[in-house]
$ cat structure_33.txt   # compact mmCIF, C-alpha atoms and all ligand atoms
# COMPACT_ATOMS: atom_id res chain seq x y z
CA MET Y 1 0.00 0.00 0.00
CA ASP Y 2 1.17 3.53 -0.72
CA PHE Y 3 0.48 4.89 2.78
CA THR Y 4 1.27 4.35 6.46
CA ARG Y 5 -0.44 5.45 9.66
CA ALA Y 6 1.77 8.54 9.62
CA ASP Y 7 -0.17 9.82 6.58
CA PHE Y 8 -3.33 10.12 8.72
CA PRO Y 9 -4.06 12.26 11.77
CA GLU Y 10 -3.07 10.99 15.20
CA GLY Y 11 -5.74 8.58 16.46
CA PHE Y 12 -7.25 7.85 13.02
CA LEU Y 13 -8.75 4.36 13.23
CA PHE Y 14 -8.63 1.55 10.71
CA GLY Y 15 -11.11 -1.27 10.78
CA ALA Y 16 -12.89 -3.99 8.86
CA ALA Y 17 -16.65 -4.55 8.66
CA THR Y 18 -18.91 -7.59 8.35
CA SER Y 19 -22.56 -8.35 9.11
CA SER Y 20 -24.25 -11.15 10.99
CA TYR Y 21 -26.36 -12.81 8.27
CA GLN Y 22 -23.52 -12.59 5.75
CA ILE Y 23 -20.97 -14.51 7.84
CA GLU Y 24 -22.32 -16.18 10.98
CA GLY Y 25 -24.25 -19.18 9.70
CA HIS Y 26 -27.81 -18.43 10.67
CA ALA Y 27 -28.82 -22.08 11.09
CA ARG Y 28 -26.44 -22.34 14.07
CA GLY Y 29 -27.28 -21.56 17.68
CA ASN Y 30 -31.10 -21.55 17.67
CA ALA Y 31 -31.57 -18.33 15.75
CA GLY Y 32 -35.09 -17.70 14.44
CA SER Y 33 -36.18 -17.55 10.80
CA THR Y 34 -35.68 -14.23 8.99
CA HIS Y 35 -37.12 -12.63 5.87
CA TRP Y 36 -33.78 -13.28 4.14
CA ASP Y 37 -34.25 -17.04 4.60
CA THR Y 38 -37.66 -17.00 2.95
CA PHE Y 39 -36.67 -14.45 0.29
CA ALA Y 40 -33.75 -16.71 -0.68
CA ALA Y 41 -36.02 -19.78 -0.72
CA THR Y 42 -38.27 -18.14 -3.32
CA PRO Y 43 -37.25 -18.86 -6.94
CA GLY Y 44 -35.62 -16.01 -8.84
CA ASN Y 45 -34.59 -13.82 -5.91
CA VAL Y 46 -31.04 -14.99 -5.16
CA VAL Y 47 -28.38 -16.52 -7.41
CA ARG Y 48 -28.68 -20.31 -7.07
CA ALA Y 49 -31.15 -19.66 -4.20
CA GLU Y 50 -28.16 -19.45 -1.83
CA ASN Y 51 -28.80 -18.37 1.75
CA GLY Y 52 -26.96 -17.57 4.97
CA ALA Y 53 -27.63 -20.89 6.74
CA LEU Y 54 -23.91 -21.73 6.92
CA ALA Y 55 -22.16 -18.70 5.32
CA CYS Y 56 -18.60 -18.50 6.75
CA ASP Y 57 -19.61 -20.38 9.91
CA HIS Y 58 -18.26 -17.45 11.88
CA TYR Y 59 -20.60 -18.63 14.66
CA SER Y 60 -18.11 -21.43 15.37
CA ARG Y 61 -14.93 -19.97 13.85
CA TRP Y 62 -15.04 -16.50 15.40
CA PRO Y 63 -11.77 -16.91 17.39
CA GLU Y 64 -9.86 -17.53 14.15
CA ASP Y 65 -11.57 -14.54 12.53
CA LEU Y 66 -10.76 -12.22 15.42
CA ASP Y 67 -7.14 -13.41 15.26
CA LEU Y 68 -7.14 -12.35 11.61
CA LEU Y 69 -8.34 -8.85 12.52
CA ALA Y 70 -5.53 -8.55 15.04
CA ALA Y 71 -2.96 -9.91 12.56
CA ALA Y 72 -4.06 -7.24 10.08
CA ASN Y 73 -3.07 -4.60 12.68
CA LEU Y 74 -6.59 -3.17 12.58
CA ASP Y 75 -7.98 -1.09 15.46
CA VAL Y 76 -11.75 -1.61 15.22
CA TYR Y 77 -14.16 -4.34 14.13
CA ARG Y 78 -17.60 -3.34 12.85
CA PHE Y 79 -20.03 -6.26 13.17
CA SER Y 80 -23.80 -6.55 13.48
CA THR Y 81 -26.14 -8.32 15.86
CA SER Y 82 -28.85 -10.52 14.38
CA TRP Y 83 -32.26 -9.61 15.79
CA ALA Y 84 -33.53 -13.17 15.19
CA ARG Y 85 -30.51 -14.72 16.92
CA VAL Y 86 -31.21 -12.63 20.02
CA LEU Y 87 -35.03 -12.79 19.82
CA PRO Y 88 -36.06 -15.73 17.59
CA GLU Y 89 -39.68 -14.50 17.47
CA GLY Y 90 -38.60 -10.88 17.10
CA ARG Y 91 -40.16 -10.13 20.49
CA GLY Y 92 -40.56 -11.91 23.79
CA GLN Y 93 -38.24 -14.64 24.98
CA PRO Y 94 -34.51 -14.07 24.28
CA ASN Y 95 -32.32 -16.90 23.01
CA ALA Y 96 -29.66 -17.39 25.68
CA GLU Y 97 -27.24 -18.91 23.15
CA GLY Y 98 -27.54 -15.82 20.97
CA LEU Y 99 -26.81 -13.40 23.79
CA ASP Y 100 -23.89 -15.58 24.92
CA PHE Y 101 -22.49 -15.57 21.40
CA TYR Y 102 -22.37 -11.78 21.15
CA GLU Y 103 -20.89 -11.52 24.60
CA ARG Y 104 -18.11 -13.96 23.67
CA LEU Y 105 -17.49 -11.98 20.51
CA VAL Y 106 -17.22 -8.63 22.30
CA ASP Y 107 -15.00 -10.05 25.04
CA GLY Y 108 -12.87 -11.79 22.40
CA LEU Y 109 -12.35 -8.45 20.64
CA LEU Y 110 -11.40 -6.68 23.86
CA GLU Y 111 -8.95 -9.47 24.76
CA ARG Y 112 -7.21 -8.90 21.44
CA GLY Y 113 -7.04 -5.13 21.90
CA LEU Y 114 -9.71 -4.48 19.23
CA LYS Y 115 -12.51 -1.95 19.62
CA PRO Y 116 -16.02 -3.42 19.14
CA ALA Y 117 -18.30 -1.32 16.87
CA ALA Y 118 -21.79 -2.82 16.76
CA THR Y 119 -24.62 -2.27 14.29
CA LEU Y 120 -27.97 -3.39 15.67
CA TYR Y 121 -29.65 -4.21 12.36
CA HIS Y 122 -28.01 -5.27 9.12
CA TRP Y 123 -31.06 -6.59 7.31
CA GLU Y 124 -32.23 -9.97 8.67
CA LEU Y 125 -35.69 -9.12 10.00
CA PRO Y 126 -37.27 -11.90 12.13
CA SER Y 127 -40.02 -13.61 10.08
CA PRO Y 128 -42.78 -13.15 12.70
CA LEU Y 129 -42.25 -9.36 12.41
CA ALA Y 130 -42.22 -9.55 8.63
CA ASP Y 131 -45.61 -11.30 8.94
CA LEU Y 132 -46.89 -8.21 10.76
CA GLY Y 133 -45.81 -5.92 7.92
CA GLY Y 134 -42.16 -5.45 8.91
CA TRP Y 135 -40.88 -1.98 8.09
CA ARG Y 136 -44.31 -0.94 6.77
CA ASN Y 137 -45.75 -1.20 10.28
CA ARG Y 138 -45.17 1.77 12.58
CA ASP Y 139 -44.97 -0.62 15.55
CA ILE Y 140 -41.55 -1.71 14.33
CA ALA Y 141 -40.04 1.30 16.08
CA GLY Y 142 -41.16 -0.09 19.44
CA TRP Y 143 -40.16 -3.67 18.61
CA PHE Y 144 -36.74 -2.39 17.60
CA ALA Y 145 -36.35 -0.36 20.79
CA ASP Y 146 -37.18 -3.50 22.80
CA PHE Y 147 -34.60 -5.54 20.88
CA THR Y 148 -32.07 -2.74 21.47
CA GLU Y 149 -32.75 -2.89 25.20
CA VAL Y 150 -32.22 -6.68 25.32
CA ILE Y 151 -28.98 -6.91 23.34
CA MET Y 152 -27.42 -3.68 24.59
CA GLY Y 153 -28.41 -4.54 28.15
CA ARG Y 154 -25.99 -7.43 27.68
CA ILE Y 155 -23.08 -6.00 25.63
CA GLY Y 156 -23.62 -2.22 25.58
CA ASP Y 157 -21.27 -1.54 28.49
CA ARG Y 158 -18.28 -2.92 26.54
CA LEU Y 159 -18.80 -1.48 23.07
CA TRP Y 160 -16.63 1.23 21.59
CA SER Y 161 -19.51 2.45 19.39
CA ALA Y 162 -22.98 1.48 18.25
CA ALA Y 163 -25.27 2.39 15.36
CA PRO Y 164 -28.90 1.34 14.98
CA ILE Y 165 -29.44 0.53 11.31
CA ASN Y 166 -27.10 -0.20 8.43
CA GLU Y 167 -28.02 1.74 5.30
CA PRO Y 168 -31.62 2.94 5.69
CA TRP Y 169 -31.84 3.41 1.90
CA CYS Y 170 -31.31 -0.32 1.36
CA VAL Y 171 -33.76 -1.28 4.10
CA ALA Y 172 -36.43 0.97 2.55
CA TRP Y 173 -35.88 1.73 -1.14
CA LEU Y 174 -33.84 -1.23 -2.38
CA SER Y 175 -36.09 -3.69 -0.56
CA HIS Y 176 -39.56 -2.11 -1.00
CA PHE Y 177 -39.29 -0.13 -4.26
CA LEU Y 178 -36.70 -1.96 -6.36
CA GLY Y 179 -37.55 -5.35 -4.85
CA GLN Y 180 -33.95 -6.52 -5.00
CA HIS Y 181 -33.61 -7.35 -1.30
CA ALA Y 182 -35.96 -8.96 1.22
CA PRO Y 183 -38.92 -8.58 1.44
CA GLY Y 184 -38.74 -8.04 -2.35
CA MET Y 185 -41.58 -5.55 -2.63
CA ARG Y 186 -42.10 -3.05 -5.44
CA ASP Y 187 -44.58 -0.56 -4.09
CA ILE Y 188 -44.31 3.19 -3.55
CA ARG Y 189 -46.58 3.25 -0.50
CA ALA Y 190 -44.62 0.47 1.20
CA THR Y 191 -41.42 2.35 0.35
CA ALA Y 192 -42.51 5.69 1.78
CA ARG Y 193 -43.63 4.01 4.99
CA ALA Y 194 -40.43 2.01 5.32
CA MET Y 195 -38.34 5.19 4.71
CA HIS Y 196 -40.06 6.95 7.57
CA HIS Y 197 -40.30 4.00 9.98
CA VAL Y 198 -36.65 3.10 9.55
CA LEU Y 199 -35.76 6.58 10.81
CA LEU Y 200 -38.28 6.39 13.63
CA ALA Y 201 -36.75 3.06 14.70
CA HIS Y 202 -33.29 4.62 14.47
CA GLY Y 203 -34.37 7.41 16.84
CA ARG Y 204 -36.02 5.04 19.31
CA ALA Y 205 -32.87 2.89 19.42
CA ILE Y 206 -30.69 5.96 20.04
CA GLU Y 207 -32.99 6.99 22.91
CA THR Y 208 -32.86 3.48 24.33
CA MET Y 209 -29.07 3.31 24.20
CA ARG Y 210 -28.73 6.75 25.80
CA GLY Y 211 -31.04 5.49 28.53
CA LEU Y 212 -28.59 2.64 29.11
CA GLY Y 213 -25.79 5.18 29.48
CA MET Y 214 -24.10 4.30 26.19
CA GLU Y 215 -21.87 6.74 24.32
CA ASN Y 216 -20.40 7.12 20.85
CA LEU Y 217 -23.65 6.41 18.97
CA GLY Y 218 -23.88 7.01 15.24
CA ALA Y 219 -25.90 6.67 12.04
CA VAL Y 220 -24.60 4.70 9.04
CA CYS Y 221 -25.93 5.63 5.59
CA ASN Y 222 -24.94 4.55 2.09
CA PHE Y 223 -24.34 6.96 -0.76
CA GLU Y 224 -24.04 6.76 -4.54
CA TYR Y 225 -22.81 9.70 -6.56
CA ALA Y 226 -25.60 10.70 -8.97
CA GLN Y 227 -24.24 11.74 -12.37
CA PRO Y 228 -26.69 13.18 -14.95
CA ALA Y 229 -26.59 11.12 -18.17
CA ASP Y 230 -26.13 14.28 -20.27
CA GLU Y 231 -26.14 18.05 -19.91
CA SER Y 232 -29.87 18.58 -20.40
CA ASP Y 233 -31.96 20.14 -17.65
CA GLU Y 234 -34.11 17.01 -17.61
CA ALA Y 235 -31.10 14.79 -16.86
CA ARG Y 236 -29.86 17.20 -14.23
CA ARG Y 237 -33.26 17.19 -12.53
CA ALA Y 238 -33.42 13.39 -12.70
CA ALA Y 239 -30.01 13.04 -11.03
CA ALA Y 240 -30.95 15.61 -8.38
CA LEU Y 241 -34.08 13.62 -7.52
CA TYR Y 242 -32.06 10.40 -7.25
CA ASP Y 243 -29.61 12.26 -5.01
CA ALA Y 244 -32.52 13.47 -2.85
CA TYR Y 245 -34.08 10.08 -2.04
CA TYR Y 246 -30.77 8.23 -1.93
CA ASN Y 247 -28.21 10.59 -0.43
CA ARG Y 248 -30.18 13.30 1.37
CA PHE Y 249 -33.47 11.92 2.74
CA PHE Y 250 -32.04 10.10 5.77
CA LEU Y 251 -29.37 12.64 6.77
CA SER Y 252 -31.93 15.39 6.37
CA GLY Y 253 -34.39 13.59 8.66
CA ILE Y 254 -31.76 13.06 11.34
CA PHE Y 255 -29.89 16.38 11.18
CA ARG Y 256 -32.46 18.84 9.79
CA LYS Y 257 -35.67 17.30 11.13
CA SER Y 258 -37.29 17.53 7.70
CA TYR Y 259 -37.34 15.72 4.37
CA PRO Y 260 -36.08 17.22 1.09
CA GLU Y 261 -38.89 19.29 -0.41
CA GLU Y 262 -38.47 17.98 -3.96
CA LEU Y 263 -39.41 14.46 -2.79
CA MET Y 264 -42.78 15.48 -1.45
CA GLU Y 265 -44.53 15.29 -4.82
CA GLY Y 266 -43.78 11.57 -5.02
CA LEU Y 267 -43.62 10.55 -1.37
CA ALA Y 268 -45.98 12.73 0.68
CA PRO Y 269 -49.18 10.96 -0.51
CA HIS Y 270 -47.76 7.69 0.81
CA LEU Y 271 -46.12 8.69 4.07
CA PRO Y 272 -47.90 7.50 7.22
CA GLU Y 273 -50.31 9.91 8.86
CA GLY Y 274 -48.68 12.26 11.37
CA TRP Y 275 -45.15 11.77 10.02
CA GLN Y 276 -44.39 15.46 10.57
CA ASP Y 277 -44.66 14.94 14.34
CA ASP Y 278 -41.91 12.32 14.58
CA PHE Y 279 -38.83 14.43 13.99
CA ASP Y 280 -37.93 14.97 17.62
CA VAL Y 281 -37.45 11.21 17.93
CA ILE Y 282 -35.79 10.85 14.52
CA GLY Y 283 -33.49 13.79 15.20
CA GLN Y 284 -32.07 12.52 18.50
CA PRO Y 285 -28.49 13.80 18.67
CA VAL Y 286 -25.85 11.34 17.47
CA ASP Y 287 -22.09 11.43 18.00
CA TRP Y 288 -20.81 10.51 14.55
CA VAL Y 289 -21.84 9.72 10.98
CA GLY Y 290 -20.87 6.63 8.98
CA VAL Y 291 -20.44 6.74 5.21
CA ASN Y 292 -20.75 3.55 3.18
CA TYR Y 293 -19.52 4.23 -0.33
CA TYR Y 294 -18.92 2.03 -3.37
CA THR Y 295 -19.78 3.66 -6.68
CA ARG Y 296 -21.66 6.25 -8.72
CA LYS Y 297 -24.71 5.88 -10.98
CA ILE Y 298 -25.52 7.59 -14.27
CA ILE Y 299 -29.14 8.76 -14.23
CA ALA Y 300 -31.31 9.41 -17.29
CA PRO Y 301 -34.85 10.85 -17.29
CA ASP Y 302 -37.82 8.91 -18.69
CA ASP Y 303 -41.57 9.34 -18.85
CA GLY Y 304 -42.46 6.49 -16.49
CA PRO Y 305 -44.19 7.10 -13.16
CA TRP Y 306 -42.39 9.08 -10.42
CA PRO Y 307 -39.41 9.29 -9.95
CA SER Y 308 -39.35 9.04 -13.77
CA HIS Y 309 -35.74 8.04 -14.32
CA HIS Y 310 -33.48 5.02 -14.75
CA GLU Y 311 -29.80 4.09 -14.59
CA VAL Y 312 -27.64 3.76 -17.68
CA PRO Y 313 -24.22 2.04 -17.91
CA GLY Y 314 -21.19 4.28 -17.41
CA PRO Y 315 -17.76 4.31 -19.10
CA LEU Y 316 -15.42 3.90 -16.10
CA PRO Y 317 -13.57 0.66 -15.17
CA LYS Y 318 -15.86 -1.65 -13.20
CA THR Y 319 -15.61 -4.12 -10.32
CA ALA Y 320 -17.01 -7.66 -10.35
CA MET Y 321 -20.34 -6.11 -9.21
CA ASP Y 322 -20.34 -4.12 -12.46
CA TRP Y 323 -20.02 -1.01 -10.31
CA GLU Y 324 -17.96 1.86 -11.76
CA ILE Y 325 -14.84 2.75 -9.78
CA TYR Y 326 -15.18 6.43 -8.86
CA PRO Y 327 -13.04 7.31 -5.80
CA GLU Y 328 -13.80 11.06 -6.10
CA GLY Y 329 -17.36 10.30 -5.04
CA LEU Y 330 -16.13 9.30 -1.59
CA ARG Y 331 -14.60 12.73 -1.00
CA HIS Y 332 -17.81 14.35 -2.25
CA PHE Y 333 -19.85 12.48 0.36
CA LEU Y 334 -17.42 13.17 3.18
CA HIS Y 335 -18.04 16.87 2.51
CA HIS Y 336 -21.77 16.20 2.10
CA CYS Y 337 -21.97 14.52 5.51
CA ASN Y 338 -19.94 17.26 7.11
CA GLU Y 339 -22.41 19.84 5.77
CA HIS Y 340 -25.25 17.95 7.47
CA ALA Y 341 -23.49 16.86 10.64
CA GLY Y 342 -21.62 20.11 11.26
CA GLY Y 343 -18.29 19.02 12.64
CA LEU Y 344 -19.17 15.59 14.10
CA PRO Y 345 -16.56 12.90 13.44
CA ILE Y 346 -17.17 11.04 10.18
CA TYR Y 347 -16.18 7.42 9.62
CA VAL Y 348 -16.02 5.61 6.31
CA THR Y 349 -17.88 2.60 7.69
CA GLU Y 350 -17.76 0.59 4.43
CA ASN Y 351 -15.69 0.77 1.27
CA GLY Y 352 -14.31 -2.03 -0.88
CA LEU Y 353 -14.81 -4.05 -4.03
CA ALA Y 354 -15.69 -7.50 -5.32
CA SER Y 355 -13.09 -9.23 -7.48
CA PRO Y 356 -12.90 -12.74 -8.96
CA ASP Y 357 -10.29 -13.94 -6.44
CA GLU Y 358 -8.81 -17.45 -6.57
CA VAL Y 359 -6.29 -19.15 -4.34
CA GLN Y 360 -3.12 -19.93 -6.28
CA GLY Y 361 0.04 -21.31 -4.69
CA GLY Y 362 -1.37 -20.69 -1.21
CA GLY Y 363 -2.13 -17.00 -1.79
CA VAL Y 364 -4.54 -14.67 -3.58
CA ASP Y 365 -3.16 -11.89 -5.76
CA ASP Y 366 -5.93 -9.29 -5.48
CA ARG Y 367 -3.95 -6.36 -6.86
CA GLN Y 368 -7.19 -4.67 -7.94
CA ARG Y 369 -8.31 -4.44 -4.29
CA VAL Y 370 -4.98 -2.92 -3.24
CA GLU Y 371 -5.35 -0.23 -5.90
CA PHE Y 372 -9.01 0.39 -5.06
CA LEU Y 373 -8.31 0.86 -1.36
CA GLN Y 374 -5.31 3.12 -2.04
CA ALA Y 375 -7.31 5.32 -4.41
CA HIS Y 376 -10.18 5.72 -1.93
CA LEU Y 377 -7.86 6.34 1.01
CA ALA Y 378 -6.17 9.07 -1.03
CA GLN Y 379 -9.58 10.77 -1.30
CA VAL Y 380 -10.02 10.42 2.46
CA ARG Y 381 -6.65 12.11 3.03
CA GLN Y 382 -7.62 14.90 0.67
CA ALA Y 383 -10.94 15.45 2.46
CA ILE Y 384 -9.08 15.64 5.77
CA ALA Y 385 -6.68 18.19 4.27
CA GLU Y 386 -9.74 20.19 3.17
CA GLY Y 387 -10.99 20.26 6.74
CA VAL Y 388 -13.46 17.34 6.97
CA PRO Y 389 -13.13 15.62 10.36
CA VAL Y 390 -12.77 12.05 9.06
CA ALA Y 391 -11.79 9.89 12.02
CA GLY Y 392 -11.58 6.36 10.63
CA TYR Y 393 -11.95 3.99 7.70
CA PHE Y 394 -13.36 0.45 7.55
CA VAL Y 395 -12.82 -1.98 4.70
CA TRP Y 396 -15.80 -3.99 3.52
CA SER Y 397 -15.11 -6.75 4.24
CA LEU Y 398 -12.92 -8.87 6.50
CA LEU Y 399 -14.09 -12.09 4.82
CA ASP Y 400 -15.57 -13.16 1.50
CA ASN Y 401 -19.22 -13.69 2.43
CA TYR Y 402 -22.87 -13.97 1.41
CA GLU Y 403 -23.41 -11.03 -0.93
CA TRP Y 404 -27.20 -11.02 -0.59
CA ALA Y 405 -29.08 -11.53 -3.88
CA LEU Y 406 -25.76 -12.30 -5.60
CA GLY Y 407 -24.98 -15.23 -3.32
CA TYR Y 408 -21.43 -16.38 -2.65
CA GLU Y 409 -19.75 -15.51 -5.93
CA LYS Y 410 -18.99 -11.83 -5.27
CA ARG Y 411 -15.85 -11.81 -3.14
CA PHE Y 412 -15.34 -8.63 -1.08
CA GLY Y 413 -12.94 -10.00 1.57
CA LEU Y 414 -9.41 -9.14 2.63
CA VAL Y 415 -9.48 -12.85 3.43
CA HIS Y 416 -10.55 -15.49 0.93
CA VAL Y 417 -13.06 -18.08 2.14
CA ASP Y 418 -13.37 -21.48 0.44
CA PHE Y 419 -17.11 -22.11 0.80
CA GLU Y 420 -16.62 -25.90 0.54
CA THR Y 421 -14.00 -26.28 3.28
CA LEU Y 422 -14.49 -22.87 5.00
CA GLU Y 423 -10.73 -22.46 4.96
CA ARG Y 424 -9.56 -18.83 5.31
CA THR Y 425 -6.66 -17.57 3.15
CA PRO Y 426 -5.46 -13.97 3.64
CA LYS Y 427 -5.18 -12.19 0.30
CA ARG Y 428 -2.39 -9.91 -0.88
CA SER Y 429 -4.50 -6.89 0.19
CA PHE Y 430 -4.62 -8.26 3.75
CA ARG Y 431 -0.82 -8.59 3.89
CA GLU Y 432 -0.17 -5.17 2.39
CA LEU Y 433 -2.69 -3.54 4.71
CA SER Y 434 -1.19 -5.18 7.80
CA GLN Y 435 2.26 -3.90 6.73
CA ALA Y 436 0.94 -0.38 6.13
CA LEU Y 437 -0.73 -0.37 9.56
CA ALA Y 438 2.17 -1.88 11.51
CA ARG Y 439 3.07 0.34 14.45
C1 LIG K 501 -23.39 -2.72 1.37
C2 LIG K 501 -23.87 -3.62 2.48
C3 LIG K 501 -22.98 -4.80 2.76
C4 LIG K 501 -22.43 -5.39 1.47
C5 LIG K 501 -21.82 -4.31 0.62
C6 LIG K 501 -21.19 -4.81 -0.65
O1 LIG K 501 -24.48 -2.03 0.84
O2 LIG K 501 -23.97 -2.90 3.68
O3 LIG K 501 -23.72 -5.74 3.49
O4 LIG K 501 -23.43 -6.08 0.81
O5 LIG K 501 -22.80 -3.36 0.30
$ encode --input "structure_33.txt" --output "structure tokens"
Amino acid sequence: MDFTRADFPEGFLFGAATSSYQIEGHARGNAGSTHWDTFAATPGNVVRAENGALACDHYSRWPEDLDLLAAANLDVYRFSTSWARVLPEGRGQPNAEGLDFYERLVDGLLERGLKPAATLYHWELPSPLADLGGWRNRDIAGWFADFTEVIMGRIGDRLWSAAPINEPWCVAWLSHFLGQHAPGMRDIRATARAMHHVLLAHGRAIETMRGLGMENLGAVCNFEYAQPADESDEARRAAALYDAYYNRFFLSGIFRKSYPEELMEGLAPHLPEGWQDDFDVIGQPVDWVGVNYYTRKIIAPDDGPWPSHHEVPGPLPKTAMDWEIYPEGLRHFLHHCNEHAGGLPIYVTENGLASPDEVQGGGVDDRQRVEFLQAHLAQVRQAIAEGVPVAGYFVWSLLDNYEWALGYEKRFGLVHVDFETLERTPKRSFRELSQALAR
């Protein structure tokens, strides 16, 4: 890698991120069914109908995985807690094995000198709550606060940081409008409700964690740079609308206690009654903002129903996800978050790429990942030089894992996982990163 710790401010933290359903092995340890299990079991939703039943079997192999984090010289580990592992029915009786698992994990991190950064929800909604309407039902805010109380009552005293919900846009828009993630809906009313309820649940969880005396609480959003397909006013307006519901809606709710005005034409008719009265909960103060960033999208107008636009392929080099590589977008969003969050620390909570990695001669030569990480970290350094208080950077991901609707073939890890044997093989990027971060 073309950097060392000395190129970043004193105390800048480096980490790796994962999520529960993508690595743990959800069939282990008496976890309950989730909407990802049933979404994956429905033909056409997921490549080869793969699911997270075994994944990386991190549930059993976590000591080895935490050793890898330490060997990479990382400072922080961002993981998530599965709601259905803690509360198999979503509410009611906790699963003792689930609570024990997360306690072992947190203690294992602390023993290795790693800071635990927890995300409460990274997408596997318990099926009984999905049956009740899931994110479309306003009651989810209360169910989520109760789950927060149970899991944080157990591990909250030892966490370095916590955030309620990974990527509200994916929970709401990707899953209820585009139908690409569980529950696979395509409905504007469901989407508008999910967008609002996900923020309400965020606010209730922040309140709950404050009540437990927890500190260093944040919000993690994902961002895609919206590039107009051409120089027409129509294309510019289309990209601005995409930017509004993708990149501005959630930050605006949390930090400005309002939603972007230009979205009201499409969303207001479908928002739940009384939504205007919820902003004091939604806008609970947080301590930091997390930026998940991967790519940009080229947006062209069309005459379909609102939001009346679609994506078109772009000319830049692409990753195995077919995502254009556009590091400048990361710096753009670091500034964007700083404008909303006014001086709060900003963390890049996810950044990385999928590449077609294979083990050869005992190693994996993922040069493309090394270059990708370097290019994005250069943008982070530039943003810091321009005055943005970026305080840390997390690679997505520690391990190759279950990439949702794309199954196991998109490899994002610093560490290769053989999904037959579950053997872990650190890639070239892992070795170069651990050298760059050596103290
Ligand atoms: C993010 C998700 C993460 C992973 C990466 C590639 O949107 O948070 O789980 O799927 O994309």
$ residues_near_ligand --input "structure_33.txt" --ligand "ligand LIG 501 (chain K)" --cutoff "9 Å" --atoms "only C-alpha atoms and all ligand atoms" --output "PyMOL selection string"
chain Y and resi 17-19+21-22+122-123+166-167+170+221-222+292-294+321+350-354+396-397+401-404+410+412
$ atom_distance --input "structure_33.txt" --atom1 "CA of Gly98 in chain Y" --atom2 "CA of Trp288 in chain Y"
27.9 Å
$ residues_around --input "structure_33.txt" --residues "Gln360 in chain Y" --least-positions-apart "4" --cutoff "12 Å" --atoms "only C-alpha atoms" --output "ChimeraX atom specification"
/Y:364-366,416,425-428
$ residues_around --input "structure_33.txt" --residues "range 176-190 of chain Y" --least-positions-apart "6" --cutoff "8 Å" --atoms "all atoms listed in the file" --output "ChimeraX atom specification"
/Y:35-36,39,45,130,136,170,267,270-271,404-405
$ residues_around --input "structure_33.txt" --residues "Pro327 in chain Y" --least-positions-apart "6" --cutoff "8 Å" --atoms "all atoms listed in the file" --output "PyMOL selection string"
chain Y and resi 295+375-376+379
$ closest_residue --input "structure_33.txt" --among "Y:Glu358, Y:Asp287, Y:Asp243, Y:Glu324" --to "Ile346 in chain Y" --atoms "only C-alpha atoms"
Y:Asp287
$ closest_residue --input "structure_33.txt" --among "Y:Asp233, Y:Glu409, Y:Asp277, Y:Glu89" --to "Glu50 in chain Y" --atoms "all atoms listed in the file"
Y:Glu409
$ residues_around --input "structure_33.txt" --residues "Pro285 in chain Y" --least-positions-apart "5" --cutoff "10 Å" --atoms "all atoms listed in the file" --output "ChimeraX atom specification"
/Y:203,206-207,217-218,254-255,280,341
$ closest_residue --input "structure_33.txt" --among "Y:Glu124, Y:Glu97, Y:Asp57, Y:Asp7" --to "Asn30 in chain Y" --atoms "all atoms listed in the file"
Y:Glu97
$ atom_distance --input "structure_33.txt" --atom1 "CA of Tyr225 in chain Y" --atom2 "CA of Arg296 in chain Y"
4.2 Å
$ atom_distance --input "structure_33.txt" --atom1 "CA of Glu371 in chain Y" --atom2 "CA of Ser355 in chain Y"
12.0 Å
$ closest_residue --input "structure_33.txt" --among "Y:Arg158, Y:Lys257, Y:Arg439, Y:Arg237" --to "His196 in chain Y" --atoms "all atoms listed in the file"
Y:Lys257
